[in-house]
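**Q** Below is one structure. I have some questions about it.
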Amino acid sequence: MFSNRQARRFLQKLGFQMEELSGVEEVMLKLSDGRELMMRNPTTYRLKSKDLTILNIVGNLEEVAAEEHEVSLSEEDVQLVMQQTGVSREDAIQALVESEGDLAEAIIKLQGARSEG
C-alpha cells in the first residue's frame with residue numbers, strides 16, 4: 001500500500017500534480033437510465049497533467065430517490081404558468097415540480113396536454 005507521500009511522488013513522475021479540493025459538499029452523478037448517485041462530503045482530489053484532469057472522489061455512494069430533489073418555486077413562477085396556460089394552481093405547481101422548476105418546459109407540457117384533451 002502506498003502512503004500519501006509515495007502516491008504524490010509516483011504521480012509527479014507520471015506528470016500529474018495532485019491537489020485536495022476542500023469544501024466539496026456533494027458530488028452528483030446522473031446516469032443515462034435516469035438514476036442518480038450522490039456522495040455527500042467526499043474527500044476529493046484533482047490530478048492534473050498537461051492535457052488531462054482526473055477527479056478522485058472518495059466517500060459513501062448512495063442512490064438518490066427522485067423525491068429527494070427539492071424544487072424551489074416562486075409565487076411569480078406559479079402565477080406565470082397559470083396565466084399562460086389557464087390551468088389551476090395545483091396543476092401549475094405539479095407541472096413546475098415535474099419540470100424541476102423549468103418554466104418553459106412546464107408551460108409547453110401543459111399546453112400540449114390541453115390541446116390533446
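Residues are referred to by chain and number: the chain letter is A, B, ... according to the order shown in the C-alpha cells, the number counts from 1 in that chain, and ligands are numbered separately from 1 in the order shown.
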Mind checking which residues fall within 10 Å of region 100-105 of chain A, counting only C-alpha atoms, ignoring those fewer than 2 positions away in the same chain, and posting them as a PyMOL selection string?
**A** chain A and resi 69-74+77-78+80-81+92-98+107-111
**Q** Just the selected residues (C-alpha atoms), exported as an mmCIF file, in the first residue's frame, please.
**A**
data_model
loop_
_atom_site.group_PDB
_atom_site.id
_atom_site.type_symbol
_atom_site.label_atom_id
_atom_site.label_comp_id
_atom_site.auth_asym_id
_atom_site.auth_seq_id
_atom_site.Cartn_x
_atom_site.Cartn_y
_atom_site.Cartn_z
ATOM 1 C CA HIS A 69 -34.849 16.658 -5.061
ATOM 2 C CA GLU A 70 -36.128 19.940 -3.763
ATOM 3 C CA VAL A 71 -37.529 22.315 -6.334
ATOM 4 C CA SER A 72 -37.758 25.921 -5.257
ATOM 5 C CA LEU A 73 -40.860 27.516 -6.744
ATOM 6 C CA SER A 74 -41.657 31.188 -6.531
ATOM 7 C CA ASP A 77 -43.445 31.308 -11.473
ATOM 8 C CA VAL A 78 -46.687 29.627 -10.404
ATOM 9 C CA LEU A 80 -46.988 32.924 -14.795
ATOM 10 C CA VAL A 81 -47.677 29.260 -15.607
ATOM 11 C CA ALA A 92 -49.270 24.657 -12.389
ATOM 12 C CA ILE A 93 -47.333 23.572 -9.283
ATOM 13 C CA GLN A 94 -47.343 19.932 -10.372
ATOM 14 C CA ALA A 95 -46.031 20.837 -13.837
ATOM 15 C CA LEU A 96 -43.285 23.014 -12.324
ATOM 16 C CA VAL A 97 -42.214 20.248 -9.939
ATOM 17 C CA GLU A 98 -42.169 17.666 -12.755
ATOM 18 C CA ILE A 107 -45.838 25.676 -19.929
ATOM 19 C CA ILE A 108 -45.178 23.602 -23.055
ATOM 20 C CA LYS A 109 -46.168 20.414 -21.246
ATOM 21 C CA LEU A 110 -49.435 21.920 -20.003
ATOM 22 C CA GLN A 111 -50.268 23.455 -23.395
#
**Q** Using DSSP on the backbone coordinates, identify the residues of region 30-89 of chain A assigned to strand (DSSP E); present them as a ChimeraX atom specification.
**A** /A:30,36-40,43-48,53-58,61-64
**Q** Per residue of region 32-64 of chain A within 9 Å of region 13-21 of chain A, which atom pair is closest and at what distance in Å (one decimal), using only C-alpha atoms, listed by chain and increasing number, as a tab-separated table?
**A**
residue	atom	partner	partner_atom	distance
A:Thr43	CA	A:Leu21	CA	7.7
A:Thr44	CA	A:Leu21	CA	5.5
A:Tyr45	CA	A:Glu20	CA	4.3
A:Arg46	CA	A:Glu19	CA	5.4
A:Leu47	CA	A:Met18	CA	4.6
A:Lys48	CA	A:Phe16	CA	5.1
A:Ser49	CA	A:Phe16	CA	4.6
A:Lys50	CA	A:Gly15	CA	7.6
A:Leu52	CA	A:Phe16	CA	8.8
A:Thr53	CA	A:Phe16	CA	8.8
**Q** Go ahead and compute the interatomic distance for CA of Ser3 (chain A) and CA of Leu55 (chain A), in Å to one decimal.
**A**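 Interatomic distance, CA of Ser3 (chain A) to CA of Leu55 (chain A): 18.8 Å.
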**Q** How far is it from CA of Asp91 (chain A) to CA of Ala106 (chain A), in Å with one decimal?
**A**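 Separation between CA of Asp91 (chain A) and CA of Ala106 (chain A): 9.8 Å.
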**Q** Please compute the CA of Ser88 (chain A)-CA of Ala113 (chain A) distance, one decimal, in Å.
**A**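 Those two atoms sit 13.5 Å apart.
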**Q** Determine the nearest neighbour of Leu37 (chain A) from the options A:Val64, A:Ala7, A:Ile54, A:Val87, counting only C-alpha atoms.
**A**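 Ranking A:Val64, A:Ala7, A:Ile54, A:Val87 by distance to Leu37 (chain A), first place goes to A:Val64.
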**Q** Could you pull out all residues of region 8-47 of chain A with a DSSP call of alpha helix (DSSP H) and give them as a list in words?
**A**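 Residues meeting the alpha helix (DSSP H) criterion: Arg8, Arg9, Phe10, Leu11, Gln12 and Lys13 of chain A.
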**Q** Select, from A:Pro42, A:Leu31, A:Gln79, A:Asp51, the residue with the minimum atom-to-atom distance to Glu63 (chain A), counting only C-alpha atoms.
**A**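 Selected residue with least distance to Glu63 (chain A): A:Leu31.
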